[in-house]
>>> print(open('target.cif').read())   # mmCIF, C-alpha atoms
data_upload
#
loop_
_atom_site.label_atom_id
_atom_site.label_comp_id
_atom_site.auth_asym_id
_atom_site.auth_seq_id
_atom_site.Cartn_x
_atom_site.Cartn_y
_atom_site.Cartn_z
CA MET B 1 -50.35 -99.78 28.03
CA THR B 2 -46.70 -98.91 28.61
CA ALA B 3 -45.47 -95.37 29.21
CA SER B 4 -44.96 -93.32 26.07
CA PRO B 5 -41.34 -92.27 25.66
CA LYS B 6 -41.01 -88.69 24.49
CA PRO B 7 -39.05 -87.95 21.30
CA SER B 8 -35.41 -87.24 22.05
CA LEU B 9 -33.67 -83.96 21.28
CA PRO B 10 -31.27 -84.01 18.34
CA THR B 11 -27.68 -84.77 19.30
CA GLY B 12 -24.33 -84.32 17.63
CA ASP B 13 -23.05 -81.56 15.43
CA LEU B 14 -25.54 -80.14 12.94
CA VAL B 15 -24.23 -79.90 9.39
CA ALA B 16 -24.98 -76.73 7.46
CA PRO B 17 -27.45 -77.57 4.66
CA ALA B 18 -26.50 -77.24 1.00
CA PHE B 19 -28.98 -75.75 -1.48
CA ASP B 20 -29.75 -76.16 -5.17
CA TYR B 21 -30.03 -73.02 -7.28
CA TRP B 22 -33.08 -74.25 -9.26
CA ILE B 23 -35.29 -74.68 -6.19
CA ARG B 24 -37.14 -71.50 -5.34
CA LYS B 25 -36.30 -69.63 -2.14
CA SER B 26 -38.91 -67.46 -0.45
CA PRO B 27 -38.12 -63.82 0.42
CA PHE B 28 -37.75 -65.01 4.03
CA PHE B 29 -35.26 -67.78 3.16
CA GLU B 30 -32.14 -66.02 4.45
CA LYS B 31 -33.99 -65.12 7.63
CA THR B 32 -34.87 -68.76 8.23
CA LEU B 33 -31.18 -69.61 7.97
CA GLU B 34 -30.32 -66.84 10.41
CA ALA B 35 -32.95 -68.26 12.77
CA GLY B 36 -31.19 -71.64 12.73
CA CYS B 37 -33.28 -73.83 10.42
CA THR B 38 -31.57 -77.24 10.25
CA ARG B 39 -33.90 -79.15 7.91
CA PHE B 40 -35.75 -78.19 4.75
CA SER B 41 -38.16 -80.05 2.52
CA VAL B 42 -39.39 -78.96 -0.92
CA ALA B 43 -43.03 -78.04 -1.51
CA GLU B 44 -44.50 -76.46 -4.65
CA GLY B 45 -40.98 -76.02 -5.99
CA ALA B 46 -39.73 -74.05 -2.98
CA TYR B 47 -37.57 -74.79 0.04
CA TYR B 48 -39.87 -75.33 3.02
CA PRO B 49 -38.38 -75.09 6.56
CA ILE B 50 -39.33 -78.18 8.60
CA GLN B 51 -37.15 -78.03 11.73
CA TYR B 52 -35.26 -75.55 13.88
CA ALA B 53 -35.21 -76.98 17.40
CA SER B 54 -36.56 -80.30 18.65
CA PRO B 55 -40.19 -81.18 17.83
CA LEU B 56 -41.07 -80.85 21.51
CA ALA B 57 -39.54 -77.39 21.78
CA GLU B 58 -41.41 -76.24 18.68
CA TYR B 59 -44.67 -77.70 19.98
CA GLU B 60 -44.17 -75.85 23.26
CA ALA B 61 -43.63 -72.54 21.47
CA ILE B 62 -46.81 -72.96 19.41
CA THR B 63 -49.02 -74.08 22.30
CA GLU B 64 -47.70 -71.92 25.13
CA ARG B 65 -46.35 -68.70 23.61
CA ALA B 66 -46.14 -67.75 19.93
CA SER B 67 -44.47 -69.16 16.85
CA LEU B 68 -43.49 -67.64 13.50
CA TRP B 69 -42.87 -69.75 10.41
CA ASP B 70 -42.39 -69.33 6.68
CA VAL B 71 -44.90 -71.03 4.34
CA PRO B 72 -43.51 -70.51 0.82
CA ALA B 73 -45.73 -73.23 -0.67
CA GLU B 74 -48.87 -71.20 0.06
CA SER B 75 -48.42 -68.07 -2.03
CA PRO B 76 -52.01 -67.33 -3.04
CA ILE B 77 -53.58 -67.68 -6.46
CA GLU B 78 -55.64 -64.66 -7.43
CA VAL B 79 -58.98 -65.06 -9.22
CA ARG B 80 -60.46 -61.79 -10.46
CA GLY B 81 -62.78 -60.46 -13.11
CA PRO B 82 -66.49 -60.10 -13.84
CA ASP B 83 -67.12 -63.86 -13.51
CA ALA B 84 -64.75 -64.50 -10.59
CA ALA B 85 -67.51 -65.14 -8.04
CA ALA B 86 -69.57 -67.31 -10.40
CA PHE B 87 -66.48 -69.28 -11.39
CA LEU B 88 -65.56 -70.06 -7.77
CA GLU B 89 -69.09 -71.28 -7.14
CA TRP B 90 -68.58 -73.68 -10.05
CA ALA B 91 -65.08 -74.72 -8.97
CA GLN B 92 -65.97 -75.95 -5.46
CA PRO B 93 -69.02 -77.32 -3.61
CA ARG B 94 -69.48 -74.84 -0.74
CA ASP B 95 -72.12 -72.11 -1.06
CA LEU B 96 -70.26 -68.78 -1.17
CA SER B 97 -73.25 -66.57 -1.96
CA ARG B 98 -73.36 -65.04 1.54
CA VAL B 99 -69.61 -64.55 1.94
CA THR B 100 -68.86 -60.86 2.40
CA VAL B 101 -65.74 -58.90 1.53
CA GLY B 102 -63.26 -59.35 4.37
CA ALA B 103 -64.28 -62.94 5.09
CA CYS B 104 -62.42 -66.22 4.66
CA ARG B 105 -63.84 -69.70 4.06
CA TYR B 106 -62.27 -73.14 4.22
CA ILE B 107 -63.12 -74.91 0.95
CA VAL B 108 -62.28 -78.02 -1.04
CA CYS B 109 -62.19 -78.39 -4.81
CA THR B 110 -63.44 -81.67 -6.27
CA ASN B 111 -63.22 -83.38 -9.64
CA GLU B 112 -66.10 -84.85 -11.66
CA ASP B 113 -66.01 -88.02 -9.53
CA GLY B 114 -66.17 -86.04 -6.28
CA GLY B 115 -62.48 -86.66 -5.55
CA LEU B 116 -60.52 -84.03 -3.66
CA VAL B 117 -58.21 -81.97 -5.88
CA PHE B 118 -57.03 -79.63 -3.10
CA ASP B 119 -58.23 -77.81 -0.01
CA SER B 120 -57.70 -74.14 0.73
CA VAL B 121 -58.69 -71.08 2.71
CA LEU B 122 -60.46 -68.65 0.37
CA LEU B 123 -60.20 -64.87 0.93
CA LYS B 124 -62.77 -62.51 -0.56
CA LEU B 125 -60.84 -59.30 -1.25
CA ALA B 126 -63.58 -57.65 -3.34
CA GLU B 127 -66.79 -58.68 -5.05
CA ASP B 128 -64.74 -59.66 -8.10
CA ARG B 129 -61.39 -60.58 -6.51
CA PHE B 130 -60.37 -63.62 -4.44
CA TRP B 131 -57.29 -65.43 -3.13
CA LEU B 132 -56.86 -69.15 -2.54
CA SER B 133 -54.07 -71.71 -2.66
CA GLY B 134 -53.98 -74.82 -4.82
CA SER B 135 -53.40 -75.48 -8.51
CA ALA B 136 -53.58 -72.44 -10.76
CA ASP B 137 -53.41 -74.67 -13.84
CA TRP B 138 -56.40 -76.73 -12.72
CA LEU B 139 -58.41 -73.59 -11.98
CA ARG B 140 -57.50 -72.00 -15.32
CA GLY B 141 -58.51 -75.15 -17.15
CA LEU B 142 -61.92 -75.11 -15.48
CA ALA B 143 -62.45 -71.45 -16.26
CA VAL B 144 -61.48 -71.78 -19.93
CA GLY B 145 -63.54 -74.95 -20.36
CA ARG B 146 -66.72 -73.23 -19.19
CA GLY B 147 -66.01 -69.82 -20.72
CA PHE B 148 -65.80 -67.84 -17.48
CA ARG B 149 -64.41 -64.34 -17.76
CA ALA B 150 -61.87 -64.63 -14.97
CA GLU B 151 -58.17 -63.91 -14.76
CA ILE B 152 -56.33 -66.57 -12.71
CA PHE B 153 -52.67 -66.22 -11.81
CA GLN B 154 -50.10 -67.07 -9.16
CA THR B 155 -49.30 -64.00 -7.07
CA GLU B 156 -45.91 -63.07 -5.65
CA VAL B 157 -47.47 -62.52 -2.23
CA SER B 158 -45.45 -64.17 0.55
CA PRO B 159 -47.23 -65.67 3.58
CA LEU B 160 -46.06 -66.24 7.14
CA GLN B 161 -47.83 -68.08 9.94
CA LEU B 162 -47.95 -66.49 13.41
CA GLN B 163 -49.57 -69.00 15.75
CA GLY B 164 -49.99 -69.50 19.47
CA PRO B 165 -51.85 -68.05 22.49
CA ARG B 166 -49.72 -64.88 22.48
CA SER B 167 -49.87 -64.27 18.74
CA ARG B 168 -52.51 -61.54 19.04
CA ALA B 169 -50.36 -59.69 21.57
CA VAL B 170 -47.40 -59.88 19.17
CA LEU B 171 -49.42 -58.26 16.38
CA GLN B 172 -50.71 -55.58 18.73
CA ALA B 173 -47.14 -54.75 19.72
CA PHE B 174 -46.17 -54.84 16.04
CA GLY B 175 -48.81 -52.19 15.40
CA VAL B 176 -51.52 -53.83 13.27
CA PRO B 177 -54.60 -51.63 13.77
CA GLY B 178 -57.85 -53.42 14.61
CA ILE B 179 -56.18 -56.76 15.30
CA ALA B 180 -57.75 -57.06 18.75
CA ASP B 181 -61.23 -57.17 17.20
CA LEU B 182 -60.49 -59.46 14.24
CA LYS B 183 -62.81 -62.48 14.34
CA VAL B 184 -62.06 -66.05 13.29
CA TYR B 185 -62.07 -66.47 9.49
CA ARG B 186 -61.94 -62.73 8.85
CA PHE B 187 -59.07 -60.64 7.53
CA LEU B 188 -57.92 -57.04 7.46
CA GLU B 189 -55.60 -54.98 5.28
CA ALA B 190 -52.95 -52.81 6.90
CA THR B 191 -49.71 -50.99 6.21
CA VAL B 192 -47.32 -50.97 9.16
CA ASP B 193 -44.21 -48.81 8.85
CA GLY B 194 -44.54 -48.92 5.08
CA VAL B 195 -45.01 -52.71 4.93
CA PRO B 196 -48.28 -53.61 3.14
CA LEU B 197 -50.03 -56.64 4.63
CA ILE B 198 -53.17 -58.71 4.69
CA VAL B 199 -53.65 -60.47 8.03
CA THR B 200 -56.16 -63.33 8.38
CA ARG B 201 -57.41 -64.92 11.59
CA THR B 202 -56.64 -68.42 10.33
CA GLY B 203 -53.83 -70.93 10.66
CA TRP B 204 -52.49 -74.47 10.70
CA SER B 205 -52.15 -75.16 14.41
CA GLY B 206 -55.53 -75.38 16.13
CA GLU B 207 -54.36 -72.49 18.33
CA LEU B 208 -55.19 -68.81 18.30
CA GLY B 209 -53.33 -67.67 15.23
CA PHE B 210 -52.93 -65.49 12.18
CA GLU B 211 -51.57 -65.71 8.66
CA ILE B 212 -49.65 -62.67 7.45
CA TYR B 213 -49.52 -62.03 3.68
CA LEU B 214 -46.69 -59.72 2.60
CA ARG B 215 -47.58 -57.77 -0.55
CA ASP B 216 -44.12 -56.28 -1.18
CA ASN B 217 -41.32 -58.85 -1.10
CA ASP B 218 -38.69 -56.13 -0.89
CA LYS B 219 -39.93 -55.56 2.67
CA ALA B 220 -39.52 -59.23 3.76
CA GLY B 221 -36.46 -58.67 5.93
CA ALA B 222 -37.99 -55.63 7.60
CA LEU B 223 -41.23 -57.48 8.32
CA TRP B 224 -39.44 -60.50 9.78
CA ASP B 225 -37.16 -58.42 12.02
CA ARG B 226 -39.96 -56.20 13.22
CA LEU B 227 -42.15 -59.19 14.10
CA LEU B 228 -39.34 -60.79 16.10
CA GLU B 229 -38.69 -57.51 17.87
CA ALA B 230 -42.39 -57.09 18.72
CA GLY B 231 -42.60 -60.70 19.87
CA ARG B 232 -39.54 -60.73 22.12
CA ALA B 233 -41.55 -59.77 25.20
CA PHE B 234 -44.06 -62.56 24.48
CA GLY B 235 -41.60 -65.40 23.96
CA LEU B 236 -41.98 -65.54 20.17
CA ASN B 237 -39.91 -68.29 18.55
CA VAL B 238 -39.16 -69.08 14.91
CA THR B 239 -40.24 -72.67 14.30
CA ALA B 240 -41.55 -75.00 11.64
CA SER B 241 -45.17 -76.09 11.62
CA SER B 242 -45.76 -78.67 14.35
CA GLU B 243 -46.78 -82.12 13.12
CA MET B 244 -47.65 -83.03 16.71
CA ARG B 245 -50.03 -80.11 17.12
CA ARG B 246 -51.69 -80.37 13.73
CA VAL B 247 -52.47 -84.08 14.29
CA GLU B 248 -53.85 -83.38 17.77
CA ALA B 249 -56.07 -80.72 16.17
CA GLY B 250 -57.22 -83.04 13.38
CA ILE B 251 -55.82 -80.77 10.67
CA LEU B 252 -55.41 -82.79 7.48
CA ASN B 253 -52.49 -82.60 5.07
CA TYR B 254 -53.33 -83.06 1.39
CA GLY B 255 -51.15 -85.67 -0.26
CA THR B 256 -50.39 -87.29 3.10
CA ASP B 257 -53.70 -87.93 4.84
CA PHE B 258 -55.89 -87.86 1.74
CA ALA B 259 -55.60 -87.70 -2.03
CA GLU B 260 -57.72 -87.28 -5.15
CA ALA B 261 -59.13 -90.79 -4.81
CA ASP B 262 -60.90 -89.64 -1.62
CA THR B 263 -64.04 -87.53 -1.46
CA PRO B 264 -64.98 -85.02 1.25
CA TYR B 265 -67.16 -87.71 2.85
CA HIS B 266 -64.21 -90.10 3.21
CA VAL B 267 -62.19 -87.58 5.23
CA GLY B 268 -64.87 -85.95 7.39
CA LEU B 269 -65.24 -82.80 5.27
CA GLY B 270 -68.81 -83.37 4.14
CA ARG B 271 -69.77 -80.09 5.87
CA LEU B 272 -68.01 -78.28 2.99
CA VAL B 273 -70.41 -79.75 0.43
CA ASP B 274 -73.67 -77.83 -0.13
CA LEU B 275 -75.50 -80.16 -2.52
CA ASP B 276 -78.51 -77.87 -2.76
CA LYS B 277 -76.74 -74.57 -3.30
CA PRO B 278 -78.22 -72.55 -6.19
CA HIS B 279 -75.06 -72.80 -8.31
CA ASP B 280 -73.95 -75.97 -10.05
CA PHE B 281 -70.44 -77.18 -9.29
CA VAL B 282 -67.87 -79.74 -10.43
CA GLY B 283 -68.64 -83.20 -9.05
CA ARG B 284 -72.16 -82.43 -7.87
CA SER B 285 -73.77 -85.53 -9.35
CA ALA B 286 -71.13 -87.85 -7.95
CA LEU B 287 -71.26 -86.26 -4.50
CA ARG B 288 -75.05 -86.42 -4.48
CA ARG B 289 -74.86 -90.18 -5.10
CA LEU B 290 -72.32 -90.60 -2.31
CA ALA B 291 -74.08 -88.44 0.28
CA GLY B 292 -75.45 -90.66 3.04
CA ALA B 293 -74.30 -93.84 1.31
CA PRO B 294 -72.21 -96.37 3.25
CA LEU B 295 -68.50 -95.87 2.69
CA ALA B 296 -66.04 -98.73 2.46
CA ARG B 297 -63.26 -96.67 4.04
CA ARG B 298 -62.97 -93.52 6.15
CA LEU B 299 -60.32 -91.40 7.77
CA THR B 300 -60.01 -91.88 11.52
CA GLY B 301 -57.80 -90.94 14.42
CA LEU B 302 -55.61 -93.56 16.08
CA LEU B 303 -54.62 -94.21 19.67
CA LEU B 304 -51.58 -96.47 19.89
CA GLU B 305 -51.47 -98.91 22.80
CA ASP B 306 -47.68 -98.76 23.08
CA ALA B 307 -44.89 -96.51 21.91
CA PRO B 308 -43.52 -97.56 18.52
CA SER B 309 -39.87 -98.55 18.30
CA ALA B 310 -39.40 -97.24 14.77
CA PRO B 311 -39.65 -93.66 13.47
CA PHE B 312 -42.59 -92.94 11.19
CA GLU B 313 -41.15 -92.27 7.74
CA SER B 314 -43.76 -93.72 5.36
CA PRO B 315 -47.31 -95.13 5.67
CA TRP B 316 -47.70 -98.12 8.00
CA PRO B 317 -50.09 -100.84 6.81
CA ALA B 318 -52.91 -101.74 9.18
CA ARG B 319 -54.40 -105.20 9.64
CA ARG B 320 -57.03 -106.93 11.75
CA ASP B 321 -57.09 -110.70 12.14
CA GLN B 322 -54.21 -110.85 9.64
CA ALA B 323 -56.33 -109.12 6.96
CA PRO B 324 -55.31 -105.71 5.53
CA ILE B 325 -57.69 -102.90 6.51
CA GLY B 326 -55.86 -99.74 5.36
CA ALA B 327 -52.85 -97.72 6.44
CA ALA B 328 -51.73 -95.02 8.85
CA SER B 329 -50.71 -91.77 7.13
CA VAL B 330 -49.02 -90.25 10.18
CA VAL B 331 -48.00 -91.32 13.71
CA VAL B 332 -46.71 -88.78 16.26
CA TYR B 333 -46.22 -88.38 19.97
CA SER B 334 -48.93 -86.21 21.60
CA PRO B 335 -47.62 -84.12 24.50
CA ALA B 336 -51.19 -83.20 25.49
CA LEU B 337 -52.24 -86.85 25.83
CA ASP B 338 -48.80 -88.26 26.73
CA ARG B 339 -49.25 -91.06 24.24
CA TRP B 340 -48.74 -91.81 20.56
CA ILE B 341 -51.53 -90.95 18.16
CA GLY B 342 -52.06 -90.84 14.41
CA LEU B 343 -54.38 -90.67 11.42
CA ALA B 344 -55.32 -93.54 9.13
CA MET B 345 -57.62 -94.44 6.25
CA LEU B 346 -59.28 -97.68 7.39
CA ASP B 347 -62.11 -100.01 6.52
CA ALA B 348 -65.25 -98.39 7.87
CA ALA B 349 -66.27 -101.54 9.78
CA THR B 350 -63.14 -101.34 11.92
CA ILE B 351 -63.89 -97.73 12.79
CA ASP B 352 -67.56 -98.33 13.54
CA GLU B 353 -66.80 -101.29 15.79
CA ALA B 354 -63.95 -99.45 17.54
CA THR B 355 -62.02 -102.68 17.19
CA SER B 356 -58.35 -103.03 18.09
CA PHE B 357 -56.01 -103.70 15.18
CA GLU B 358 -52.30 -103.70 14.36
CA LEU B 359 -50.07 -101.18 12.64
CA LEU B 360 -47.14 -102.81 10.91
CA SER B 361 -44.21 -100.59 11.78
CA PRO B 362 -40.72 -101.44 10.44
CA ALA B 363 -39.83 -102.61 13.97
CA GLY B 364 -42.88 -104.84 14.32
CA PRO B 365 -46.63 -104.62 14.96
CA VAL B 366 -48.10 -101.98 17.28
CA ALA B 367 -51.64 -102.28 18.66
CA ALA B 368 -54.02 -99.38 18.05
CA ILE B 369 -57.68 -98.45 18.28
CA PRO B 370 -59.75 -95.88 16.33
CA ALA B 371 -60.32 -92.47 17.91
CA GLU B 372 -62.33 -89.34 17.14
CA ILE B 373 -60.56 -86.28 15.77
CA PRO B 374 -59.68 -83.71 16.89
CA PHE B 375 -58.02 -85.51 19.78
CA ILE B 376 -58.19 -82.49 22.11
CA ASP B 377 -60.01 -79.15 22.24
CA LYS B 378 -62.93 -80.60 20.33
CA ASP B 379 -64.93 -77.35 20.34
CA ARG B 380 -61.95 -75.37 18.96
CA ALA B 381 -61.90 -73.06 22.00
CA ARG B 382 -58.17 -72.42 21.61
CA MET B 383 -58.54 -71.21 18.04
CA ARG B 384 -61.48 -69.01 19.00
CA ALA B 385 -59.84 -67.50 22.09
#
>>> encode(input="target.cif", output="structure tokens")
Amino acid sequence: MTASPKPSLPTGDLVAPAFDYWIRKSPFFEKTLEAGCTRFSVAEGAYYPIQYASPLAEYEAITERASLWDVPAESPIEVRGPDAAAFLEWAQPRDLSRVTVGACRYIVCTNEDGGLVFDSVLLKLAEDRFWLSGSADWLRGLAVGRGFRAEIFQTEVSPLQLQGPRSRAVLQAFGVPGIADLKVYRFLEATVDGVPLIVTRTGWSGELGFEIYLRDNDKAGALWDRLLEAGRAFGLNVTASSEMRRVEAGILNYGTDFAEADTPYHVGLGRLVDLDKPHDFVGRSALRRLAGAPLARRLTGLLLEDAPSAPFESPWPARRDQAPIGAASVVVYSPALDRWIGLAMLDAATIDEATSFELLSPAGPVAAIPAEIPFIDKDRARMRA
């Protein structure tokens, strides 16, 4: 295996981005510009910051200090009303009957064929009130179709991610009471200097981290500035989410790594399916048939034998012995492993046999082998620190 060249820093003059008036801007949008965001994408109809510094610099901030980023595509959907709890049992396959107020759960919603509609972190705000992200229209359709008495609407709550080993210290300096004792997949409500927040011990990095939900968008600038001020002593940086770190952690991206044609079993999320829970749910019959059955394809990690010569910009087909066996959904450089890694949906036989195969990059074939995910920190010690 040859040495893995590290991604280069951007060079040349950066051109100020131009923006379209019909694409939504989060309350933190101007602050992301002030922080030096150079690239945006669009997600859920909103501008989504995807790069400030180099990918390596952003990875370093998230894994060694603390990182703050805007996530406008994840404004929560609220589900409330007398049937809210019963409806959410019907809408997804995980047993929520023992979830207490103040707890979060990672869930997936499935269709009648067991296919994945979206994944989300669910917050239980009260016995009859919940937050989650996903498709409000899909959820409303389910509720109306079954006659559930539940109000379902998109909130105007604005989330931020604060991730990294010093993120707890930043929130302590910021003044969030009780943050030192907040456990993984729990949340607390707080008002700090008049800014109303919900803070969850969750995130999209595989590191110690928190998600901060702002409940008054008029206070967005104050919240952002105060967080940066509190984080200065801890090396807090404004970044985008790190593709390198999320792949190392085995965090999946809906629409990239899996889609509605895949079931939880295809992507390693079978633990989120409680087939015997006391409440019926969408897709139960299909998932019961699939449980334990051989699968023709599965999601797997990838270890590349050599550094690719082409940037990864769209899925790379995979083949073994000249026969197609699937495709890679993402390929990135891993600083922790000092090699290139990725995720792919492949024929199950290739994964089970741990057989070498080729990825067809635009610059030519690259040898790879299957690998377990997550690639590092397999017991999630960083997240639980």
>>> resolve_selection(input="target.cif", expression="the PyMOL selection byres ((chain B and resi 351) around 12)", output="MDAnalysis selection string")
chainID B and resid 295:302 320 325:326 343:350 352:357 368:372
>>> closest_residue(input="target.cif", among="B:Ser285, B:Phe174, B:Tyr47, B:Leu252", to="Asp193 (chain B)", atoms="all atoms listed in the file")
B:Phe174
>>> resolve_selection(input="target.cif", expression="the PyMOL selection byres ((chain B and resi 214) around 12)", output="ChimeraX atom specification")
/B:26-28,70-72,74-76,155-161,189-192,194-200,211-213,215-224
>>> closest_residue(input="target.cif", among="B:Asp338, B:Asp225, B:Asp95, B:Asp262", to="His279 (chain B)", atoms="all atoms listed in the file")
B:Asp95
>>> closest_residue(input="target.cif", among="B:Ala318, B:Leu272, B:Ala150, B:Ala169", to="Arg129 (chain B)", atoms="all atoms listed in the file")
B:Ala150
>>> build_atoms(input="target.cif", residues="region 186-206 of chain B", atoms="N, CA and C atoms", output="short mmCIF file (atom, residue, chain, number, x, y, z; two decimals), in the coordinates of the input")
data_model
loop_
_atom_site.label_atom_id
_atom_site.label_comp_id
_atom_site.auth_asym_id
_atom_site.auth_seq_id
_atom_site.Cartn_x
_atom_site.Cartn_y
_atom_site.Cartn_z
N ARG B 186 -61.85 -64.06 9.45
CA ARG B 186 -61.94 -62.73 8.85
C ARG B 186 -60.52 -62.24 8.58
N PHE B 187 -60.39 -61.20 7.76
CA PHE B 187 -59.07 -60.64 7.53
C PHE B 187 -59.16 -59.12 7.47
N LEU B 188 -58.01 -58.48 7.59
CA LEU B 188 -57.92 -57.04 7.46
C LEU B 188 -56.69 -56.68 6.63
N GLU B 189 -56.73 -55.51 6.02
CA GLU B 189 -55.60 -54.98 5.28
C GLU B 189 -54.97 -53.86 6.09
N ALA B 190 -53.64 -53.82 6.12
CA ALA B 190 -52.95 -52.81 6.90
C ALA B 190 -51.59 -52.54 6.29
N THR B 191 -51.09 -51.33 6.53
CA THR B 191 -49.71 -50.99 6.21
C THR B 191 -49.05 -50.54 7.49
N VAL B 192 -48.01 -51.26 7.90
CA VAL B 192 -47.32 -50.97 9.16
C VAL B 192 -45.90 -50.57 8.83
N ASP B 193 -45.54 -49.34 9.15
CA ASP B 193 -44.21 -48.81 8.85
C ASP B 193 -43.83 -49.03 7.38
N GLY B 194 -44.79 -48.80 6.50
CA GLY B 194 -44.54 -48.92 5.08
C GLY B 194 -44.60 -50.33 4.53
N VAL B 195 -44.94 -51.31 5.37
CA VAL B 195 -45.01 -52.71 4.93
C VAL B 195 -46.48 -53.06 4.69
N PRO B 196 -46.88 -53.32 3.43
CA PRO B 196 -48.28 -53.61 3.14
C PRO B 196 -48.62 -55.08 3.41
N LEU B 197 -49.69 -55.30 4.17
CA LEU B 197 -50.03 -56.64 4.63
C LEU B 197 -51.51 -56.92 4.49
N ILE B 198 -51.84 -58.20 4.38
CA ILE B 198 -53.17 -58.71 4.69
C ILE B 198 -52.99 -59.72 5.80
N VAL B 199 -53.76 -59.60 6.87
CA VAL B 199 -53.65 -60.47 8.03
C VAL B 199 -54.98 -61.20 8.21
N THR B 200 -54.95 -62.53 8.21
CA THR B 200 -56.16 -63.33 8.38
C THR B 200 -56.13 -64.00 9.75
N ARG B 201 -57.31 -64.17 10.32
CA ARG B 201 -57.41 -64.92 11.59
C ARG B 201 -57.64 -66.40 11.24
N THR B 202 -56.61 -67.02 10.74
CA THR B 202 -56.64 -68.42 10.33
C THR B 202 -55.29 -69.04 10.68
N GLY B 203 -55.13 -70.32 10.41
CA GLY B 203 -53.83 -70.93 10.66
C GLY B 203 -53.87 -72.44 10.64
N TRP B 204 -52.68 -73.03 10.86
CA TRP B 204 -52.49 -74.47 10.70
C TRP B 204 -51.99 -75.08 12.00
N SER B 205 -52.64 -74.69 13.12
CA SER B 205 -52.15 -75.16 14.41
C SER B 205 -53.25 -75.57 15.38
N GLY B 206 -54.48 -75.14 15.15
CA GLY B 206 -55.53 -75.38 16.13
C GLY B 206 -55.45 -74.44 17.31
#
